[in-house]
Amino acid sequence: MTDYIPELGHFALALAVAIAGAQAVLGFVGASGRDGRMMAGAAGLALGQVIAVAVAFGALVWSSVVDDFSVQNVAEHSHSLKPLLYKVTGAWGNHEGSIVLWCLILAACGACVSGFGRGLPSALRSRVVGVLGLVSAGFLLFTLLTSNPLLRVWPPPDDGRDMNPLLQDPGLAFHPPLLYAGYVGFAVPFAFAVAALLEGRVDAAWGRWVRPWALGAWSLLTGGIALGSWWAYYELGWGGYWFWDPVENASLLPWLTGTALLHSAIVVEKRDALKTWTVLLAIATFSLSLCGTFLVRSGILNSVHSFASDPTRGVFILGLLVAVIGGSLVLFAWRAPALVPTGIFAPVSREGGLIVNNVLICSIAAVVFCGTLFPLFAELLFGAKISVGAPFFNQTVLPLAVPLLLAMPVGLLLPWKRASLGPALRQLWVVAVAAGLVGAAVGFGLKVVLPALGFVLAAWLVLGSLADIAGRVRLFRVPVGASLARLAGLPLSAWAAAVAHAGMGVLVAGVAGMGLAQDRIAAAAVGESVALAGYQWKLDSLADTRGSNFNERISQVTISRDGAVVAVLHPGRRTFTTQRMTTTEAAIHTTWMVDFYAVLGEERDGKAVLRLHYNPLAPWIWLGAMVMSFGGGLSLADRRLRVGAPSRRAAPAQGARA
Amino acid sequence: MTRKRRRLWIVLACALGLGSASALMLMAFQDSLVFFLAPSQLAEKAPPAGRVFRLGGLVEQGSVHKETVAGKPLARFRVSDGAASVEVSYGGILPDLFREGQGVVTLGTLLPDGSFRASEVLAKHDETYMPKDVADALKAAGHWNPSAGPPPPARDWNTQSGAAAPGKPGG
């Protein structure tokens, strides 16, 4: 019976296309005709769709786990000797499987909206479910027609071709699902935006619904990007954390506009303003997510991450992207004037601060977008082969990021509607002095300029967040006991903002620390020592070992300072027999303040080539990203967001907000 | 504050943001665009010394020499597109997929003696993969017709060995 599981999955995939299509039709027609039965049907179909896609995905994972090499996808990307974990995760480590995972997450989002959205106006919910169904139908059809992972191959090979060894890594096993959950999560704000345009109405309740989805997607995307960056750091063995590679930029773009979105959604929710802009951001964010997933995966943008490209796929994908992005933008141009703003505010106010945030973030996004796509256009238009590398992005992004980071703590302190900068800046002068001292200590201590400025910004952000909390509990202005009582009563959203902003500060500190990194390439014989950053790095031994599907040349490097051993590292080089490929296994010892990082290169003349890195504060980069992601999660947990918008109660007077 | 005034402020803020973004981009485009050149393009018109560009092609068979200079590894090899070839030196760890006869893209500058000093060497993470830029350069030099199959091995069309243009099985 189990022989037919791939066919069962194939059938479920085809069924899912039909369900998604029906979901879209029932959702739209039911909403415009106010037909309760049709709208309920659309919600039910959303649940059916997620079950069908889950069956297809399950069948794929099952085929991979039981080594069914008659399934083409498994034959091409798996191997009987591959560890079980990678047989499971390998299911999404390739183009076809990753798209099925993408569709599964999208279907799950639709099911969540229809399941948890009972508090929503039924027509709005129905339209949202309809939009999600339409997007789902398009991409499921794409999977079925051009990227079906469940096709059989005859005759079945004896064994599979194995997965790219670089992808056989626990970090990468969970990077795509997180990243995809982030990308696809933005489909829900997008669907809400399109539904709002169809209805011609955006109100505070709409903002309250969009924000948790944007927050959740943003938190997952933050985690996904951080995990990817961490993987690149330890697996590729280049010693860096961000390379401005097209695929990295493609994930950064929706992150940037998503960050802008979740901030502007606050204004919609609290002040009923910036509606048109928020709708546009929701559309832009999901559009960039789509581009990020598919332009890269289909090989249109040249990158390490692109899987084998296929022209029919490219055309289908471009058609889908044009339909989704173009369609929603046309709808926006047509209907957006109907969204009348009502909230009024002064330029200097919380709203004004959030506009500054949006303008700067979107400028950064525009710069990254142009830099990423310019080579593509230069080749199409002028036939010139140009690449845009890290120097371009450093020159353009940093000058825009600095004012943004400077403004972040100030924005937290501004009240809504009308404010003046004086009180906010008075609250921050201690922070400014402290940040300046940190910078001066680093600058004069280590004789560096740029990293010192980085540390000033980092301290400004972290201490600024603390100042925000201190201001809210009126520390030192009321008795300590009263401050503690206020601390306990602070809403989670206040904590969330402070934590997320502080996380950004930790990240900036990590980046500034990496500005002090040192590295050295040297050829060393066994027993020889190399000096780097005041430490002695001694090559102790070289040996050969075997793993389940690879052979490894492994070395031992002892790091010591003044005779005391600090760490022992085992960098190696693995040769994967099936794919005849060698990978570098960098060895890292972290003290959380500094990473000792060693890479083993080739051997010649009895000496091994070593590349050694001394990376101060490197782990703080990912730690900071995790703190930011956690901040987003905290905000999601805030009761005020979970409680449905329409159920407004007569709230007892409470001094939660100072 | 009227709605009109507020809109004016917002438009001004956006103009300022986009204006500075475009100014920054134009400035950066002037000096940080990196061009891709194949060895034969380099032979025609070489960029000024010190200008960073990418050089791509196939690593010539038998041209790779690895040595150690003052405790540091140094690799020398020739990159060729069939019509011309350039001497490249690189003082780092060659990527795992770097092999003779395979495609490679290097980033660096020209030295006064006409050789290329690479600061980065990229070989893609797939042994059958040909970097797109290199494939195009080979096609432009008339040494590979993609419809005839995979690129010929470097030793067959290497200009150094004096061989004629590669055989194109099935034309």
# chains A, B, ... in the order shown; residues from 1 in each chain; ligands from 1
call {"tool": "closest_atom_pairs", "arguments": {"of": "chain A", "to": "chain B", "cutoff": "7 Å", "atoms": "only C-alpha atoms", "output": "Markdown table"}}
result
| residue | atom | partner | partner_atom | distance |
| --- | --- | --- | --- | --- |
| A:Val304 | CA | B:Lys124 | CA | 6.8 |
| A:Ala346 | CA | B:Met1 | CA | 6.3 |
| A:Val359 | CA | B:Cys14 | CA | 5.8 |
| A:Leu360 | CA | B:Gly17 | CA | 6.1 |
| A:Ser363 | CA | B:Leu18 | CA | 5.7 |
| A:Val367 | CA | B:Ala21 | CA | 6.3 |
| A:Lys385 | CA | B:Phe36 | CA | 5.2 |
| A:Ile386 | CA | B:Phe35 | CA | 4.4 |
| A:Ser387 | CA | B:Val34 | CA | 5.1 |
| A:Val388 | CA | B:Leu33 | CA | 5.4 |
| A:Pro391 | CA | B:Ser32 | CA | 6.0 |
| A:Phe392 | CA | B:Ser32 | CA | 5.4 |
| A:Gln395 | CA | B:Ala28 | CA | 6.3 |
| A:Thr396 | CA | B:Leu24 | CA | 5.3 |
| A:Ile521 | CA | B:Lys72 | CA | 6.5 |
| A:Ala522 | CA | B:Lys72 | CA | 4.8 |
| A:Ala523 | CA | B:Gly71 | CA | 5.7 |
| A:Thr582 | CA | B:Asp96 | CA | 5.5 |
| A:Thr583 | CA | B:Asp96 | CA | 6.2 |
| A:Gly601 | CA | B:Ile93 | CA | 5.7 |
| A:Val609 | CA | B:Pro73 | CA | 6.8 |
call {"tool": "write_last_selection", "arguments": {"atoms": "N, CA and C atoms", "output": "CSV table (one decimal), in the first residue's frame"}}
result
chain,number,residue,atom,x,y,z
A,304,VAL,N,24.8,32.2,-5.1
A,304,VAL,CA,25.2,30.9,-4.6
A,304,VAL,C,24.0,30.0,-4.3
A,346,ALA,N,0.9,66.7,14.6
A,346,ALA,CA,1.9,67.7,14.3
A,346,ALA,C,3.2,67.0,13.8
A,359,VAL,N,10.4,56.7,6.3
A,359,VAL,CA,11.1,57.3,5.2
A,359,VAL,C,12.5,56.8,5.1
A,360,LEU,N,13.2,56.7,6.3
A,360,LEU,CA,14.6,56.3,6.2
A,360,LEU,C,14.7,54.8,5.9
A,363,SER,N,14.1,54.4,2.3
A,363,SER,CA,15.2,54.9,1.5
A,363,SER,C,16.3,53.8,1.4
A,367,VAL,N,17.7,51.8,-1.9
A,367,VAL,CA,19.1,51.8,-2.3
A,367,VAL,C,19.5,50.3,-2.5
A,385,LYS,N,28.6,43.6,-18.2
A,385,LYS,CA,28.6,42.7,-17.0
A,385,LYS,C,29.2,43.5,-15.8
A,386,ILE,N,28.3,43.8,-14.9
A,386,ILE,CA,28.7,44.6,-13.8
A,386,ILE,C,28.3,43.9,-12.5
A,387,SER,N,29.1,44.0,-11.5
A,387,SER,CA,28.6,43.5,-10.2
A,387,SER,C,28.6,44.6,-9.2
A,388,VAL,N,27.7,44.6,-8.3
A,388,VAL,CA,27.6,45.6,-7.3
A,388,VAL,C,28.0,44.9,-6.0
A,391,PRO,N,31.3,47.3,-1.2
A,391,PRO,CA,31.6,48.8,-1.1
A,391,PRO,C,30.4,49.7,-1.4
A,392,PHE,N,29.7,49.3,-2.5
A,392,PHE,CA,28.5,50.1,-2.8
A,392,PHE,C,27.5,50.2,-1.7
A,395,GLN,N,28.7,52.1,1.3
A,395,GLN,CA,28.7,53.6,1.1
A,395,GLN,C,27.3,54.2,1.1
A,396,THR,N,26.3,53.4,0.7
A,396,THR,CA,25.0,54.0,0.6
A,396,THR,C,24.1,53.7,1.8
A,521,ILE,N,46.5,34.7,7.1
A,521,ILE,CA,46.7,33.4,6.4
A,521,ILE,C,48.2,33.0,6.5
A,522,ALA,N,48.4,31.8,6.9
A,522,ALA,CA,49.8,31.4,7.1
A,522,ALA,C,49.9,29.9,6.8
A,523,ALA,N,51.1,29.5,6.3
A,523,ALA,CA,51.4,28.1,6.1
A,523,ALA,C,52.2,27.6,7.3
A,582,THR,N,34.4,18.9,-1.8
A,582,THR,CA,35.1,19.1,-0.6
A,582,THR,C,34.5,20.3,0.1
A,583,THR,N,34.3,20.2,1.4
A,583,THR,CA,33.8,21.4,2.1
A,583,THR,C,34.8,21.7,3.2
A,601,GLY,N,43.2,25.0,5.2
A,601,GLY,CA,43.3,25.0,3.7
A,601,GLY,C,44.0,23.8,3.2
A,609,VAL,N,48.0,25.1,5.1
A,609,VAL,CA,47.7,26.5,5.1
A,609,VAL,C,46.5,26.7,6.1
call {"tool": "residues_around", "arguments": {"residues": "A:Val53", "least_positions_apart": "2", "cutoff": "9 Å", "atoms": "only C-alpha atoms", "output": "PyMOL selection string"}}
result
chain A and resi 9+12-13+15-16+48-51+55-58+100-101+103-104+107+140
call {"tool": "select_by_dssp", "arguments": {"residues": "stretch 452-497 of chain A", "states": "alpha helix (DSSP H)", "output": "number ranges by chain"}}
result
A: 452-472, 480-489, 492-497
call {"tool": "write_last_selection", "arguments": {"atoms": "N, CA and C atoms", "output": "mmCIF file, in the first residue's frame"}}
result
data_model
loop_
_atom_site.group_PDB
_atom_site.id
_atom_site.type_symbol
_atom_site.label_atom_id
_atom_site.label_comp_id
_atom_site.auth_asym_id
_atom_site.auth_seq_id
_atom_site.Cartn_x
_atom_site.Cartn_y
_atom_site.Cartn_z
ATOM 1 N N ALA A 452 34.601 52.826 16.943
ATOM 2 C CA ALA A 452 34.243 53.595 18.132
ATOM 3 C C ALA A 452 32.896 54.271 17.926
ATOM 4 N N LEU A 453 32.674 54.835 16.734
ATOM 5 C CA LEU A 453 31.375 55.453 16.442
ATOM 6 C C LEU A 453 30.272 54.399 16.494
ATOM 7 N N GLY A 454 30.576 53.197 16.021
ATOM 8 C CA GLY A 454 29.612 52.100 16.091
ATOM 9 C C GLY A 454 29.226 51.811 17.532
ATOM 10 N N PHE A 455 30.228 51.814 18.425
ATOM 11 C CA PHE A 455 29.931 51.536 19.829
ATOM 12 C C PHE A 455 29.112 52.672 20.449
ATOM 13 N N VAL A 456 29.342 53.918 19.995
ATOM 14 C CA VAL A 456 28.524 55.035 20.476
ATOM 15 C C VAL A 456 27.059 54.768 20.141
ATOM 16 N N LEU A 457 26.811 54.373 18.866
ATOM 17 C CA LEU A 457 25.435 54.106 18.436
ATOM 18 C C LEU A 457 24.833 52.950 19.232
ATOM 19 N N ALA A 458 25.638 51.897 19.427
ATOM 20 C CA ALA A 458 25.140 50.721 20.137
ATOM 21 C C ALA A 458 24.736 51.106 21.560
ATOM 22 N N ALA A 459 25.606 51.865 22.236
ATOM 23 C CA ALA A 459 25.307 52.259 23.612
ATOM 24 C C ALA A 459 24.093 53.187 23.644
ATOM 25 N N TRP A 460 24.009 54.070 22.672
ATOM 26 C CA TRP A 460 22.878 55.003 22.563
ATOM 27 C C TRP A 460 21.566 54.226 22.462
ATOM 28 N N LEU A 461 21.566 53.152 21.658
ATOM 29 C CA LEU A 461 20.343 52.376 21.464
ATOM 30 C C LEU A 461 19.972 51.597 22.723
ATOM 31 N N VAL A 462 20.967 50.892 23.297
ATOM 32 C CA VAL A 462 20.662 50.042 24.451
ATOM 33 C C VAL A 462 20.260 50.911 25.641
ATOM 34 N N LEU A 463 21.068 51.941 25.915
ATOM 35 C CA LEU A 463 20.761 52.794 27.068
ATOM 36 C C LEU A 463 19.495 53.607 26.818
ATOM 37 N N GLY A 464 19.266 53.994 25.559
ATOM 38 C CA GLY A 464 18.047 54.727 25.231
ATOM 39 C C GLY A 464 16.807 53.903 25.536
ATOM 40 N N SER A 465 16.876 52.587 25.253
ATOM 41 C CA SER A 465 15.737 51.723 25.573
ATOM 42 C C SER A 465 15.535 51.645 27.079
ATOM 43 N N LEU A 466 16.655 51.555 27.816
ATOM 44 C CA LEU A 466 16.547 51.533 29.279
ATOM 45 C C LEU A 466 15.935 52.844 29.772
ATOM 46 N N ALA A 467 16.350 53.965 29.143
ATOM 47 C CA ALA A 467 15.831 55.264 29.560
ATOM 48 C C ALA A 467 14.335 55.329 29.317
ATOM 49 N N ASP A 468 13.882 54.704 28.251
ATOM 50 C CA ASP A 468 12.446 54.684 27.971
ATOM 51 C C ASP A 468 11.689 53.982 29.095
ATOM 52 N N ILE A 469 12.198 52.792 29.479
ATOM 53 C CA ILE A 469 11.540 52.059 30.569
ATOM 54 C C ILE A 469 11.639 52.867 31.863
ATOM 55 N N ALA A 470 12.819 53.434 32.125
ATOM 56 C CA ALA A 470 13.004 54.214 33.353
ATOM 57 C C ALA A 470 12.035 55.388 33.378
ATOM 58 N N GLY A 471 11.848 56.033 32.222
ATOM 59 C CA GLY A 471 10.931 57.170 32.158
ATOM 60 C C GLY A 471 9.499 56.740 32.421
ATOM 61 N N ARG A 472 9.143 55.562 31.883
ATOM 62 C CA ARG A 472 7.772 55.096 32.062
ATOM 63 C C ARG A 472 7.463 54.771 33.513
ATOM 64 N N VAL A 480 10.978 54.410 45.079
ATOM 65 C CA VAL A 480 11.386 53.203 44.357
ATOM 66 C C VAL A 480 10.259 52.168 44.334
ATOM 67 N N GLY A 481 9.541 52.058 45.456
ATOM 68 C CA GLY A 481 8.443 51.091 45.522
ATOM 69 C C GLY A 481 7.393 51.380 44.466
ATOM 70 N N ALA A 482 7.055 52.662 44.308
ATOM 71 C CA ALA A 482 6.047 53.032 43.313
ATOM 72 C C ALA A 482 6.562 52.735 41.908
ATOM 73 N N SER A 483 7.870 52.965 41.707
ATOM 74 C CA SER A 483 8.456 52.656 40.400
ATOM 75 C C SER A 483 8.332 51.165 40.096
ATOM 76 N N LEU A 484 8.617 50.341 41.132
ATOM 77 C CA LEU A 484 8.529 48.888 40.933
ATOM 78 C C LEU A 484 7.104 48.487 40.593
ATOM 79 N N ALA A 485 6.143 49.103 41.283
ATOM 80 C CA ALA A 485 4.743 48.782 41.014
ATOM 81 C C ALA A 485 4.391 49.144 39.576
ATOM 82 N N ARG A 486 4.891 50.306 39.133
ATOM 83 C CA ARG A 486 4.641 50.701 37.748
ATOM 84 C C ARG A 486 5.310 49.728 36.780
ATOM 85 N N LEU A 487 6.520 49.257 37.159
ATOM 86 C CA LEU A 487 7.264 48.332 36.311
ATOM 87 C C LEU A 487 6.436 47.069 36.061
ATOM 88 N N ALA A 488 5.819 46.571 37.151
ATOM 89 C CA ALA A 488 5.017 45.357 37.025
ATOM 90 C C ALA A 488 3.793 45.627 36.166
ATOM 91 N N GLY A 489 3.318 46.867 36.183
ATOM 92 C CA GLY A 489 2.097 47.164 35.445
ATOM 93 C C GLY A 489 2.335 47.606 34.007
ATOM 94 N N LEU A 492 3.010 44.851 27.991
ATOM 95 C CA LEU A 492 4.052 44.101 27.295
ATOM 96 C C LEU A 492 4.543 44.832 26.058
ATOM 97 N N SER A 493 3.646 45.606 25.424
ATOM 98 C CA SER A 493 4.074 46.259 24.183
ATOM 99 C C SER A 493 5.172 47.279 24.464
ATOM 100 N N ALA A 494 5.139 47.907 25.661
ATOM 101 C CA ALA A 494 6.205 48.847 26.000
ATOM 102 C C ALA A 494 7.531 48.104 26.141
ATOM 103 N N TRP A 495 7.475 46.959 26.841
ATOM 104 C CA TRP A 495 8.673 46.118 26.955
ATOM 105 C C TRP A 495 9.161 45.694 25.578
ATOM 106 N N ALA A 496 8.196 45.307 24.739
ATOM 107 C CA ALA A 496 8.556 44.772 23.428
ATOM 108 C C ALA A 496 9.345 45.801 22.630
ATOM 109 N N ALA A 497 8.846 47.039 22.605
ATOM 110 C CA ALA A 497 9.532 48.071 21.825
ATOM 111 C C ALA A 497 10.936 48.281 22.377
#
call {"tool": "atom_distance", "arguments": {"atom1": "atom CA of A:Trp537", "atom2": "atom CA of A:Thr558"}}
result
5.7 Å
call {"tool": "residues_around", "arguments": {"residues": "A:Asp544", "least_positions_apart": "3", "cutoff": "9 Å", "atoms": "only C-alpha atoms", "output": "number ranges by chain"}}
result
A: 551-555
call {"tool": "residues_around", "arguments": {"residues": "A:Tyr180", "least_positions_apart": "5", "cutoff": "10 Å", "atoms": "only C-alpha atoms", "output": "PyMOL selection string"}}
result
chain A and resi 98-99+101-103+105-106+175+185-186+217+220-221+224+251+289+293
call {"tool": "write_last_selection", "arguments": {"atoms": "C-alpha atoms", "output": "mmCIF file, in the first residue's frame"}}
result
data_model
loop_
_atom_site.group_PDB
_atom_site.id
_atom_site.type_symbol
_atom_site.label_atom_id
_atom_site.label_comp_id
_atom_site.auth_asym_id
_atom_site.auth_seq_id
_atom_site.Cartn_x
_atom_site.Cartn_y
_atom_site.Cartn_z
ATOM 1 C CA SER A 98 11.089 24.261 -0.914
ATOM 2 C CA ILE A 99 8.189 25.523 -3.017
ATOM 3 C CA LEU A 101 6.947 24.014 1.900
ATOM 4 C CA TRP A 102 6.240 27.596 0.840
ATOM 5 C CA CYS A 103 2.732 26.630 -0.293
ATOM 6 C CA ILE A 105 2.966 27.720 5.044
ATOM 7 C CA LEU A 106 0.755 29.908 2.869
ATOM 8 C CA HIS A 175 16.850 28.240 8.166
ATOM 9 C CA GLY A 185 3.522 35.493 6.872
ATOM 10 C CA PHE A 186 3.547 38.818 5.040
ATOM 11 C CA ALA A 217 6.127 37.424 10.154
ATOM 12 C CA LEU A 220 10.262 34.876 12.076
ATOM 13 C CA LEU A 221 11.990 36.633 9.199
ATOM 14 C CA GLY A 224 15.474 33.276 9.630
ATOM 15 C CA SER A 251 15.734 38.622 2.232
ATOM 16 C CA SER A 289 9.032 38.500 -0.352
ATOM 17 C CA THR A 293 11.887 33.672 -2.935
#
call {"tool": "atom_distance", "arguments": {"atom1": "atom CA of B:Asp113", "atom2": "atom CA of A:Glu603"}}
result
29.1 Å
call {"tool": "closest_residue", "arguments": {"among": "B:Ala75, B:Val52, B:Leu138, B:Ala43", "to": "B:Leu111", "atoms": "only C-alpha atoms"}}
result
B:Val52
call {"tool": "residues_around", "arguments": {"residues": "stretch 337-345 of chain A", "least_positions_apart": "3", "cutoff": "10 Å", "atoms": "only C-alpha atoms", "output": "mmCIF file with N, CA and C atoms, in the first residue's frame"}}
result
data_model
loop_
_atom_site.group_PDB
_atom_site.id
_atom_site.type_symbol
_atom_site.label_atom_id
_atom_site.label_comp_id
_atom_site.auth_asym_id
_atom_site.auth_seq_id
_atom_site.Cartn_x
_atom_site.Cartn_y
_atom_site.Cartn_z
ATOM 1 N N ALA A 196 -8.934 45.358 1.956
ATOM 2 C CA ALA A 196 -9.322 46.701 2.351
ATOM 3 C C ALA A 196 -9.519 47.581 1.128
ATOM 4 N N LEU A 197 -8.664 47.402 0.114
ATOM 5 C CA LEU A 197 -8.811 48.183 -1.113
ATOM 6 C C LEU A 197 -10.123 47.824 -1.795
ATOM 7 N N GLU A 199 -12.792 46.746 -0.340
ATOM 8 C CA GLU A 199 -13.897 47.301 0.442
ATOM 9 C C GLU A 199 -13.874 48.817 0.459
ATOM 10 N N GLY A 200 -12.715 49.400 0.170
ATOM 11 C CA GLY A 200 -12.576 50.842 0.209
ATOM 12 C C GLY A 200 -12.576 51.394 1.618
ATOM 13 N N ARG A 201 -12.129 50.580 2.591
ATOM 14 C CA ARG A 201 -12.202 51.039 3.974
ATOM 15 C C ARG A 201 -11.036 50.474 4.782
ATOM 16 N N VAL A 202 -10.349 51.365 5.495
ATOM 17 C CA VAL A 202 -9.307 50.942 6.422
ATOM 18 C C VAL A 202 -9.589 51.638 7.735
ATOM 19 N N ASP A 203 -9.701 50.902 8.822
ATOM 20 C CA ASP A 203 -9.937 51.563 10.107
ATOM 21 C C ASP A 203 -9.008 50.987 11.162
ATOM 22 N N VAL A 267 0.500 53.334 13.707
ATOM 23 C CA VAL A 267 -0.161 54.629 13.518
ATOM 24 C C VAL A 267 -1.599 54.420 13.049
ATOM 25 N N VAL A 268 -1.807 53.443 12.159
ATOM 26 C CA VAL A 268 -3.175 53.170 11.699
ATOM 27 C C VAL A 268 -4.036 52.756 12.882
ATOM 28 N N LYS A 270 -3.542 53.185 16.235
ATOM 29 C CA LYS A 270 -3.744 54.109 17.352
ATOM 30 C C LYS A 270 -4.321 55.432 16.900
ATOM 31 N N ARG A 271 -3.952 55.882 15.705
ATOM 32 C CA ARG A 271 -4.276 57.254 15.348
ATOM 33 C C ARG A 271 -5.089 57.356 14.070
ATOM 34 N N ASP A 272 -5.370 56.220 13.423
ATOM 35 C CA ASP A 272 -6.219 56.251 12.242
ATOM 36 C C ASP A 272 -5.645 57.128 11.125
ATOM 37 N N ALA A 273 -4.330 57.136 11.015
ATOM 38 C CA ALA A 273 -3.699 57.917 9.941
ATOM 39 C C ALA A 273 -2.719 57.013 9.185
ATOM 40 N N LEU A 274 -2.091 57.556 8.141
ATOM 41 C CA LEU A 274 -1.120 56.817 7.318
ATOM 42 C C LEU A 274 -1.709 55.544 6.702
ATOM 43 N N LYS A 275 -3.011 55.574 6.399
ATOM 44 C CA LYS A 275 -3.640 54.325 5.939
ATOM 45 C C LYS A 275 -3.153 53.914 4.563
ATOM 46 N N THR A 276 -3.196 54.874 3.622
ATOM 47 C CA THR A 276 -2.808 54.541 2.259
ATOM 48 C C THR A 276 -1.385 54.006 2.237
ATOM 49 N N VAL A 279 -1.129 50.460 3.562
ATOM 50 C CA VAL A 279 -1.616 49.503 2.567
ATOM 51 C C VAL A 279 -0.543 49.280 1.503
ATOM 52 N N PHE A 332 -4.393 49.180 -6.155
ATOM 53 C CA PHE A 332 -4.035 50.262 -5.239
ATOM 54 C C PHE A 332 -4.233 51.618 -5.915
ATOM 55 N N ALA A 333 -3.735 51.743 -7.147
ATOM 56 C CA ALA A 333 -3.843 53.019 -7.850
ATOM 57 C C ALA A 333 -5.303 53.407 -8.033
ATOM 58 N N TRP A 334 -6.144 52.373 -8.241
ATOM 59 C CA TRP A 334 -7.548 52.620 -8.537
ATOM 60 C C TRP A 334 -8.322 52.982 -7.278
ATOM 61 N N VAL A 348 6.250 67.127 14.812
ATOM 62 C CA VAL A 348 6.999 66.563 15.927
ATOM 63 C C VAL A 348 6.009 65.858 16.844
ATOM 64 N N SER A 349 5.966 64.542 16.741
ATOM 65 C CA SER A 349 5.043 63.728 17.528
ATOM 66 C C SER A 349 5.450 62.288 17.304
ATOM 67 N N ARG A 350 4.842 61.358 18.023
ATOM 68 C CA ARG A 350 5.144 59.946 17.803
ATOM 69 C C ARG A 350 4.875 59.574 16.342
ATOM 70 N N GLU A 351 3.755 60.096 15.810
ATOM 71 C CA GLU A 351 3.449 59.810 14.403
ATOM 72 C C GLU A 351 4.565 60.318 13.493
ATOM 73 N N GLY A 352 4.987 61.571 13.778
ATOM 74 C CA GLY A 352 6.060 62.162 12.978
ATOM 75 C C GLY A 352 7.328 61.322 13.049
ATOM 76 N N TRP A 416 2.073 60.835 21.473
ATOM 77 C CA TRP A 416 1.260 60.897 20.273
ATOM 78 C C TRP A 416 0.777 62.314 20.006
ATOM 79 N N LYS A 417 0.381 62.558 18.799
ATOM 80 C CA LYS A 417 -0.362 63.731 18.346
ATOM 81 C C LYS A 417 0.459 65.021 18.311
ATOM 82 N N ARG A 418 0.957 65.475 19.469
ATOM 83 C CA ARG A 418 1.736 66.705 19.440
ATOM 84 C C ARG A 418 2.794 66.602 20.525
ATOM 85 N N ALA A 419 4.028 66.943 20.175
ATOM 86 C CA ALA A 419 5.105 66.808 21.149
ATOM 87 C C ALA A 419 6.124 67.899 20.894
ATOM 88 N N MET B 1 -2.593 72.383 12.820
ATOM 89 C CA MET B 1 -1.958 71.889 11.580
ATOM 90 C C MET B 1 -3.023 71.343 10.641
ATOM 91 N N THR B 2 -3.140 71.955 9.502
ATOM 92 C CA THR B 2 -4.158 71.478 8.568
ATOM 93 C C THR B 2 -3.658 70.232 7.856
ATOM 94 N N ARG B 3 -4.595 69.590 7.214
ATOM 95 C CA ARG B 3 -4.226 68.368 6.498
ATOM 96 C C ARG B 3 -3.244 68.679 5.380
ATOM 97 N N ARG B 6 0.220 69.192 6.725
ATOM 98 C CA ARG B 6 0.826 67.936 7.131
ATOM 99 C C ARG B 6 1.300 67.151 5.916
#
call {"tool": "atom_distance", "arguments": {"atom1": "atom CA of A:Ser629", "atom2": "atom CA of A:Ser219"}}
result
4.4 Å
call {"tool": "residues_around", "arguments": {"residues": "A:Val65", "least_positions_apart": "6", "cutoff": "7 Å", "atoms": "only C-alpha atoms", "output": "ChimeraX atom specification"}}
result
/A:84,87-88
